[in-house]
Structure formats: structure tokens, C-alpha cells
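Structure file input_4.pdb with PDB, C-alpha atoms:
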MODEL        1
ATOM      1  CA  PHE E   1    -139.596  46.884   7.367  1.00  0.00           C
ATOM      2  CA  ILE E   2    -136.920  44.323   6.583  1.00  0.00           C
ATOM      3  CA  ALA E   3    -135.312  44.605  10.025  1.00  0.00           C
ATOM      4  CA  SER E   4    -138.664  44.014  11.728  1.00  0.00           C
ATOM      5  CA  GLY E   5    -138.637  40.414  10.565  1.00  0.00           C
ATOM      6  CA  ALA E   6    -140.979  40.674   7.618  1.00  0.00           C
ATOM      7  CA  PHE E   7    -138.718  38.398   5.569  1.00  0.00           C
ATOM      8  CA  GLN E   8    -137.797  35.811   8.187  1.00  0.00           C
ATOM      9  CA  LEU E   9    -139.518  32.973   6.323  1.00  0.00           C
ATOM     10  CA  VAL E  10    -138.370  34.030   2.872  1.00  0.00           C
ATOM     11  CA  LYS E  11    -135.259  32.714   1.178  1.00  0.00           C
ATOM     12  CA  PRO E  12    -133.109  35.197  -0.805  1.00  0.00           C
ATOM     13  CA  SER E  13    -133.985  33.310  -4.005  1.00  0.00           C
ATOM     14  CA  ASP E  14    -137.690  34.043  -3.363  1.00  0.00           C
ATOM     15  CA  MET E  15    -137.135  37.805  -3.314  1.00  0.00           C
ATOM     16  CA  ILE E  16    -137.051  39.962  -6.393  1.00  0.00           C
ATOM     17  CA  ALA E  17    -133.678  40.395  -8.025  1.00  0.00           C
ATOM     18  CA  GLU E  18    -133.312  44.022  -6.967  1.00  0.00           C
ATOM     19  CA  LEU E  19    -133.331  43.079  -3.278  1.00  0.00           C
ATOM     20  CA  GLN E  20    -131.112  39.988  -3.454  1.00  0.00           C
ATOM     21  CA  GLY E  21    -127.831  41.888  -3.568  1.00  0.00           C
ATOM     22  CA  ARG E  22    -128.862  44.495  -1.002  1.00  0.00           C
ATOM     23  CA  MET E  23    -129.030  42.255   2.052  1.00  0.00           C
ATOM     24  CA  PRO E  24    -125.733  42.426   3.949  1.00  0.00           C
ATOM     25  CA  LEU E  25    -124.282  39.002   4.592  1.00  0.00           C
ATOM     26  CA  ARG E  26    -120.963  38.422   6.251  1.00  0.00           C
ATOM     27  CA  VAL E  27    -119.087  35.184   5.735  1.00  0.00           C
ATOM     28  CA  ASN E  28    -115.647  34.209   6.956  1.00  0.00           C
ATOM     29  CA  LEU E  29    -113.750  32.093   4.452  1.00  0.00           C
ATOM     30  CA  LYS E  30    -110.567  30.120   4.899  1.00  0.00           C
ATOM     31  CA  ALA E  31    -107.624  30.887   2.645  1.00  0.00           C
ATOM     32  CA  LEU E  32    -107.053  28.435  -0.184  1.00  0.00           C
ATOM     33  CA  THR E  33    -104.273  25.901   0.322  1.00  0.00           C
ATOM     34  CA  LYS E  34    -101.711  24.648  -2.203  1.00  0.00           C
ATOM     35  CA  GLU E  35    -103.832  21.540  -2.625  1.00  0.00           C
ATOM     36  CA  ASP E  36    -106.910  23.667  -3.339  1.00  0.00           C
ATOM     37  CA  PHE E  37    -105.043  25.584  -6.050  1.00  0.00           C
ATOM     38  CA  TYR E  38    -103.825  22.304  -7.562  1.00  0.00           C
ATOM     39  CA  ARG E  39    -107.375  20.929  -7.601  1.00  0.00           C
ATOM     40  CA  ILE E  40    -108.642  24.125  -9.244  1.00  0.00           C
ATOM     41  CA  LEU E  41    -105.988  23.730 -11.956  1.00  0.00           C
ATOM     42  CA  THR E  42    -106.683  20.060 -12.624  1.00  0.00           C
ATOM     43  CA  GLU E  43    -110.195  18.913 -11.669  1.00  0.00           C
ATOM     44  CA  PRO E  44    -112.639  21.106 -13.634  1.00  0.00           C
ATOM     45  CA  GLN E  45    -113.224  19.907 -17.177  1.00  0.00           C
ATOM     46  CA  ALA E  46    -112.390  23.320 -18.684  1.00  0.00           C
ATOM     47  CA  ASN E  47    -109.644  24.260 -16.223  1.00  0.00           C
ATOM     48  CA  LEU E  48    -107.132  27.030 -16.786  1.00  0.00           C
ATOM     49  CA  ILE E  49    -104.423  24.656 -18.022  1.00  0.00           C
ATOM     50  CA  TYR E  50    -106.797  23.085 -20.562  1.00  0.00           C
ATOM     51  CA  GLN E  51    -107.955  26.510 -21.763  1.00  0.00           C
ATOM     52  CA  ASN E  52    -104.397  27.649 -22.406  1.00  0.00           C
ATOM     53  CA  LYS E  53    -103.486  24.399 -24.170  1.00  0.00           C
ATOM     54  CA  GLU E  54    -106.443  24.892 -26.482  1.00  0.00           C
ATOM     55  CA  LEU E  55    -105.563  28.549 -27.001  1.00  0.00           C
ATOM     56  CA  MET E  56    -102.059  27.576 -28.092  1.00  0.00           C
ATOM     57  CA  ARG E  57    -103.470  24.899 -30.405  1.00  0.00           C
ATOM     58  CA  THR E  58    -105.044  27.696 -32.441  1.00  0.00           C
ATOM     59  CA  GLU E  59    -101.460  28.672 -33.318  1.00  0.00           C
ATOM     60  CA  ASP E  60    -100.577  25.001 -34.020  1.00  0.00           C
ATOM     61  CA  VAL E  61     -98.433  24.819 -30.863  1.00  0.00           C
ATOM     62  CA  THR E  62     -98.812  21.908 -28.467  1.00  0.00           C
ATOM     63  CA  LEU E  63     -98.214  22.563 -24.778  1.00  0.00           C
ATOM     64  CA  ASP E  64     -96.956  19.667 -22.679  1.00  0.00           C
ATOM     65  CA  VAL E  65     -97.669  20.861 -19.140  1.00  0.00           C
ATOM     66  CA  GLN E  66     -96.030  18.495 -16.671  1.00  0.00           C
ATOM     67  CA  ASP E  67     -97.676  17.735 -13.356  1.00  0.00           C
ATOM     68  CA  GLU E  68     -94.662  19.160 -11.493  1.00  0.00           C
ATOM     69  CA  ALA E  69     -95.202  22.467 -13.291  1.00  0.00           C
ATOM     70  CA  VAL E  70     -98.861  22.545 -12.242  1.00  0.00           C
ATOM     71  CA  GLN E  71     -97.810  21.896  -8.628  1.00  0.00           C
ATOM     72  CA  GLU E  72     -95.279  24.728  -8.833  1.00  0.00           C
ATOM     73  CA  ILE E  73     -97.918  27.111 -10.230  1.00  0.00           C
ATOM     74  CA  ALA E  74    -100.169  26.184  -7.297  1.00  0.00           C
ATOM     75  CA  GLU E  75     -97.281  26.788  -4.869  1.00  0.00           C
ATOM     76  CA  VAL E  76     -96.484  30.207  -6.323  1.00  0.00           C
ATOM     77  CA  ALA E  77    -100.145  31.253  -6.233  1.00  0.00           C
ATOM     78  CA  PHE E  78    -100.390  30.129  -2.604  1.00  0.00           C
ATOM     79  CA  GLN E  79     -97.250  32.049  -1.614  1.00  0.00           C
ATOM     80  CA  ALA E  80     -98.365  35.185  -3.433  1.00  0.00           C
ATOM     81  CA  ASN E  81    -101.736  35.119  -1.690  1.00  0.00           C
ATOM     82  CA  ALA E  82    -100.063  34.566   1.672  1.00  0.00           C
ATOM     83  CA  THR E  83     -97.541  37.399   1.317  1.00  0.00           C
ATOM     84  CA  VAL E  84     -99.324  40.142  -0.602  1.00  0.00           C
ATOM     85  CA  GLN E  85    -103.095  40.191  -0.854  1.00  0.00           C
ATOM     86  CA  ASN E  86    -105.288  37.140  -0.702  1.00  0.00           C
ATOM     87  CA  ILE E  87    -107.387  37.341  -3.872  1.00  0.00           C
ATOM     88  CA  GLY E  88    -108.144  33.634  -3.940  1.00  0.00           C
ATOM     89  CA  ALA E  89    -108.162  31.582  -7.116  1.00  0.00           C
ATOM     90  CA  ARG E  90    -107.936  34.693  -9.294  1.00  0.00           C
ATOM     91  CA  ARG E  91    -104.215  34.622  -8.514  1.00  0.00           C
ATOM     92  CA  LEU E  92    -103.891  31.551 -10.739  1.00  0.00           C
ATOM     93  CA  ILE E  93    -104.740  33.596 -13.828  1.00  0.00           C
ATOM     94  CA  THR E  94    -101.852  35.973 -13.138  1.00  0.00           C
ATOM     95  CA  VAL E  95     -99.366  33.159 -12.517  1.00  0.00           C
ATOM     96  CA  VAL E  96    -100.359  31.136 -15.595  1.00  0.00           C
ATOM     97  CA  GLU E  97    -100.260  34.262 -17.785  1.00  0.00           C
ATOM     98  CA  ARG E  98     -96.766  35.058 -16.514  1.00  0.00           C
ATOM     99  CA  VAL E  99     -95.576  31.528 -17.306  1.00  0.00           C
ATOM    100  CA  LEU E 100     -97.041  31.506 -20.823  1.00  0.00           C
ATOM    101  CA  GLU E 101     -96.445  35.168 -21.713  1.00  0.00           C
ATOM    102  CA  GLY E 102     -93.327  34.718 -23.830  1.00  0.00           C
ATOM    103  CA  ILE E 103     -94.555  31.486 -25.358  1.00  0.00           C
ATOM    104  CA  ALA E 104     -97.852  33.034 -26.419  1.00  0.00           C
ATOM    105  CA  PHE E 105     -96.211  35.981 -28.167  1.00  0.00           C
ATOM    106  CA  GLN E 106     -93.760  33.715 -30.003  1.00  0.00           C
ATOM    107  CA  ALA E 107     -96.317  31.028 -30.834  1.00  0.00           C
ATOM    108  CA  PRO E 108     -96.510  31.774 -34.587  1.00  0.00           C
ATOM    109  CA  ASP E 109     -92.744  31.196 -34.810  1.00  0.00           C
ATOM    110  CA  HIS E 110     -93.109  27.765 -33.171  1.00  0.00           C
ATOM    111  CA  ALA E 111     -95.985  26.384 -35.239  1.00  0.00           C
ATOM    112  CA  GLY E 112     -95.980  22.587 -35.311  1.00  0.00           C
ATOM    113  CA  GLU E 113     -93.778  22.308 -32.215  1.00  0.00           C
ATOM    114  CA  THR E 114     -94.413  20.881 -28.776  1.00  0.00           C
ATOM    115  CA  ILE E 115     -93.320  23.098 -25.908  1.00  0.00           C
ATOM    116  CA  ALA E 116     -92.777  21.496 -22.508  1.00  0.00           C
ATOM    117  CA  ILE E 117     -93.813  23.463 -19.456  1.00  0.00           C
ATOM    118  CA  THR E 118     -91.624  22.215 -16.617  1.00  0.00           C
ATOM    119  CA  ARG E 119     -91.156  23.125 -12.979  1.00  0.00           C
ATOM    120  CA  ASP E 120     -87.875  24.861 -13.850  1.00  0.00           C
ATOM    121  CA  LEU E 121     -89.577  26.964 -16.530  1.00  0.00           C
ATOM    122  CA  VAL E 122     -92.262  28.029 -14.051  1.00  0.00           C
ATOM    123  CA  ARG E 123     -89.612  29.008 -11.495  1.00  0.00           C
ATOM    124  CA  GLU E 124     -87.678  30.938 -14.132  1.00  0.00           C
ATOM    125  CA  ARG E 125     -90.724  32.885 -15.349  1.00  0.00           C
ATOM    126  CA  VAL E 126     -92.408  33.498 -12.007  1.00  0.00           C
ATOM    127  CA  GLY E 127     -89.528  33.608  -9.553  1.00  0.00           C
ATOM    128  CA  ASP E 128     -89.190  37.377  -9.679  1.00  0.00           C
ATOM    129  CA  MET E 129     -92.940  37.844  -9.245  1.00  0.00           C
ATOM    130  CA  LEU E 130     -92.831  37.065  -5.518  1.00  0.00           C
ATOM    131  CA  LYS E 131     -89.843  39.331  -4.977  1.00  0.00           C
ATOM    132  CA  THR E 132     -91.570  42.190  -6.822  1.00  0.00           C
ATOM    133  CA  GLN E 133     -94.753  41.693  -4.820  1.00  0.00           C
ATOM    134  CA  ASP E 134     -92.798  41.854  -1.552  1.00  0.00           C
ATOM    135  CA  LEU E 135     -91.550  45.298  -2.546  1.00  0.00           C
ATOM    136  CA  GLN E 136     -95.049  46.454  -3.507  1.00  0.00           C
ATOM    137  CA  LYS E 137     -96.126  46.226   0.129  1.00  0.00           C
ATOM    138  CA  LEU E 138     -93.619  48.963   0.991  1.00  0.00           C
ATOM    139  CA  ILE E 139     -94.769  51.401  -1.689  1.00  0.00           C
ATOM    140  CA  ILE E 140     -97.243  53.976  -0.408  1.00  0.00           C
TER     141      ILE E 140
ENDMDL
END
Write out the structure in this file as C-alpha cells.
Amino acid sequence: FIASGAFQLVKPSDMIAELQGRMPLRVNLKALTKEDFYRILTEPQANLIYQNKELMRTEDVTLDVQDEAVQEIAEVAFQANATVQNIGARRLITVVERVLEGIAFQAPDHAGETIAITRDLVRERVGDMLKTQDLQKLII
């Protein structure tokens, strides 16, 4: 019925919800670049960096995330997607969590302080992540 062309003039949004997800569509997407990751981290109003700053403010900790650190996070996410599995922008969540992991758990001890997130801190926290992921490709 569908293959015979009965829906050739109908847009997917015109069809009932049950059928919308059942039509096979194939789309080739380009991998995100470092610049794309940087834009994702900086341009949206409620971006991932902003969300984590606000989360830390609930513990009375101020995060000073330098632009160099954001560029390094974008670089690490790009490299991880290129070497392991390309999961797109979802990789940013993993990288940012790894950078802020220790800070988040120790936040109550640093109430009232400002913590600077620098490029060196990002490299220190995430540097082993790429090495670990390289080994994961060899595990069956």
C-alpha cells in the first residue's frame, strides 16, 4: 500500500504519529569538526558549560571556564569521535563530566571559592581518556 505510492503527496508530519517513525529514511551525515564542537559548547543559550556552571553555583562554587579550556574540550571530543566511535555531540557530555568529576564531588569543601578550568586542567583530567579508548578497540 505504502510502496505503491499512496503517500507520495503526503508529508511525514501529515501522517498519524504511529506511522511517522516506521518509514525508513537513510541520511548520510558528515562528522562534526572541532569548530562544530566549540560552537555547540558556546553558542546555545543553555549550553553544557553554562549548565555545569549553574550546577556548581548550587554548591556556592564559581567555575571560571577559560576559552582555551573550551577549545581543548572540543579537541578531545573530536579526537575521541575520530578514533573510537563517532557518537556526535553526545561525546561532549562524557568529556565535560570527566573534567568536572573531581570538582563536583569536592564542591561542598570549596564553597565560596572560584575554581578556574584551564587548558592544562582539561589535559590532565582527560588525557588518559583517549589512551584508554584506543585500547578498548582491541578488546573483544
(Q) Quick check on the file I pasted: which residues fall under the PyMOL selection byres ((chain E and resi 81) around 12)? Write them as a count of residues only. (A) 29
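Atom CA of E:Asp60 is positioned 7.9 Å from atom CA of E:Pro108.
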Q.
Evaluated on this file, the PyMOL selection byres ((chain E and resi 123) around 9) picks out some residues - which ones are they, written as an NGL selection string?
A. :E and (69 or 72-73 or 76 or 99 or 118-122 or 124-128)
Q: Measure the distance from atom CA of E:Asp36 to atom CA of E:Leu48 in Å and round it to one decimal.
A: 13.9 Å
Apply the PyMOL selection byres ((chain E and resi 42) around 12) to the displayed file and report the matching residues as a PDB file with C-alpha atoms, keeping the file's coordinate frame.
ATOM      1  CA  GLU E  35    -103.832  21.540  -2.625  1.00  0.00           C
ATOM      2  CA  ASP E  36    -106.910  23.667  -3.339  1.00  0.00           C
ATOM      3  CA  PHE E  37    -105.043  25.584  -6.050  1.00  0.00           C
ATOM      4  CA  TYR E  38    -103.825  22.304  -7.562  1.00  0.00           C
ATOM      5  CA  ARG E  39    -107.375  20.929  -7.601  1.00  0.00           C
ATOM      6  CA  ILE E  40    -108.642  24.125  -9.244  1.00  0.00           C
ATOM      7  CA  LEU E  41    -105.988  23.730 -11.956  1.00  0.00           C
ATOM      8  CA  GLU E  43    -110.195  18.913 -11.669  1.00  0.00           C
ATOM      9  CA  PRO E  44    -112.639  21.106 -13.634  1.00  0.00           C
ATOM     10  CA  GLN E  45    -113.224  19.907 -17.177  1.00  0.00           C
ATOM     11  CA  ALA E  46    -112.390  23.320 -18.684  1.00  0.00           C
ATOM     12  CA  ASN E  47    -109.644  24.260 -16.223  1.00  0.00           C
ATOM     13  CA  LEU E  48    -107.132  27.030 -16.786  1.00  0.00           C
ATOM     14  CA  ILE E  49    -104.423  24.656 -18.022  1.00  0.00           C
ATOM     15  CA  TYR E  50    -106.797  23.085 -20.562  1.00  0.00           C
ATOM     16  CA  GLN E  51    -107.955  26.510 -21.763  1.00  0.00           C
ATOM     17  CA  VAL E  65     -97.669  20.861 -19.140  1.00  0.00           C
ATOM     18  CA  GLN E  66     -96.030  18.495 -16.671  1.00  0.00           C
ATOM     19  CA  ASP E  67     -97.676  17.735 -13.356  1.00  0.00           C
ATOM     20  CA  ALA E  69     -95.202  22.467 -13.291  1.00  0.00           C
ATOM     21  CA  VAL E  70     -98.861  22.545 -12.242  1.00  0.00           C
ATOM     22  CA  GLN E  71     -97.810  21.896  -8.628  1.00  0.00           C
ATOM     23  CA  ILE E  73     -97.918  27.111 -10.230  1.00  0.00           C
ATOM     24  CA  ALA E  74    -100.169  26.184  -7.297  1.00  0.00           C
ATOM     25  CA  LEU E  92    -103.891  31.551 -10.739  1.00  0.00           C
TER      26      LEU E  92
END
Q: For atom CA of E:Ala107 and atom CA of E:Glu68, determine how far apart the two atoms are, in Å to one decimal place.
A: 22.8 Å
Q: Might you pull out every residue within 7 Å of E:Leu63, with all atoms listed in the file counted and same-chain residues fewer than 3 positions away left off, and present them as an MDAnalysis selection string?
A: chainID E and resid 53 114:117
Q. For E:Leu100, which residue out of E:Lys30, E:Arg57, E:Gly112, E:Asn52 is the nearest one, using all atoms listed in the file?
A. E:Asn52
Give me stretch 34-48 of chain E with N, CA and C atoms filled in, as an mmCIF file, in the coordinates of the input.
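Done, and the output landed in part-v5.cif:
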data_model
loop_
_atom_site.group_PDB
_atom_site.id
_atom_site.type_symbol
_atom_site.label_atom_id
_atom_site.label_comp_id
_atom_site.auth_asym_id
_atom_site.auth_seq_id
_atom_site.Cartn_x
_atom_site.Cartn_y
_atom_site.Cartn_z
ATOM 1 N N LYS E 34 -102.393 25.078 -0.967
ATOM 2 C CA LYS E 34 -101.711 24.648 -2.203
ATOM 3 C C LYS E 34 -102.507 23.540 -2.886
ATOM 4 N N GLU E 35 -103.052 22.647 -2.075
ATOM 5 C CA GLU E 35 -103.832 21.540 -2.625
ATOM 6 C C GLU E 35 -105.106 22.053 -3.308
ATOM 7 N N ASP E 36 -105.719 23.076 -2.722
ATOM 8 C CA ASP E 36 -106.910 23.667 -3.339
ATOM 9 C C ASP E 36 -106.574 24.262 -4.704
ATOM 10 N N PHE E 37 -105.460 25.001 -4.772
ATOM 11 C CA PHE E 37 -105.043 25.584 -6.050
ATOM 12 C C PHE E 37 -104.769 24.485 -7.075
ATOM 13 N N TYR E 38 -104.116 23.416 -6.645
ATOM 14 C CA TYR E 38 -103.825 22.304 -7.562
ATOM 15 C C TYR E 38 -105.126 21.693 -8.078
ATOM 16 N N ARG E 39 -106.087 21.489 -7.183
ATOM 17 C CA ARG E 39 -107.375 20.929 -7.601
ATOM 18 C C ARG E 39 -108.087 21.848 -8.579
ATOM 19 N N ILE E 40 -108.003 23.165 -8.338
ATOM 20 C CA ILE E 40 -108.642 24.125 -9.244
ATOM 21 C C ILE E 40 -108.005 24.061 -10.627
ATOM 22 N N LEU E 41 -106.703 23.800 -10.677
ATOM 23 C CA LEU E 41 -105.988 23.730 -11.956
ATOM 24 C C LEU E 41 -106.173 22.404 -12.681
ATOM 25 N N THR E 42 -106.634 21.377 -11.987
ATOM 26 C CA THR E 42 -106.683 20.060 -12.624
ATOM 27 C C THR E 42 -108.073 19.430 -12.703
ATOM 28 N N GLU E 43 -108.924 19.651 -11.722
ATOM 29 C CA GLU E 43 -110.195 18.913 -11.669
ATOM 30 C C GLU E 43 -111.293 19.403 -12.610
ATOM 31 N N PRO E 44 -111.543 20.708 -12.730
ATOM 32 C CA PRO E 44 -112.639 21.106 -13.634
ATOM 33 C C PRO E 44 -112.356 20.688 -15.081
ATOM 34 N N GLN E 45 -113.400 20.365 -15.795
ATOM 35 C CA GLN E 45 -113.224 19.907 -17.177
ATOM 36 C C GLN E 45 -112.566 20.979 -18.044
ATOM 37 N N ALA E 46 -112.973 22.224 -17.899
ATOM 38 C CA ALA E 46 -112.390 23.320 -18.684
ATOM 39 C C ALA E 46 -111.511 24.174 -17.773
ATOM 40 N N ASN E 47 -110.510 23.539 -17.148
ATOM 41 C CA ASN E 47 -109.644 24.260 -16.223
ATOM 42 C C ASN E 47 -108.712 25.209 -16.968
ATOM 43 N N LEU E 48 -107.994 26.000 -16.212
ATOM 44 C CA LEU E 48 -107.132 27.030 -16.786
ATOM 45 C C LEU E 48 -106.015 26.441 -17.651
#
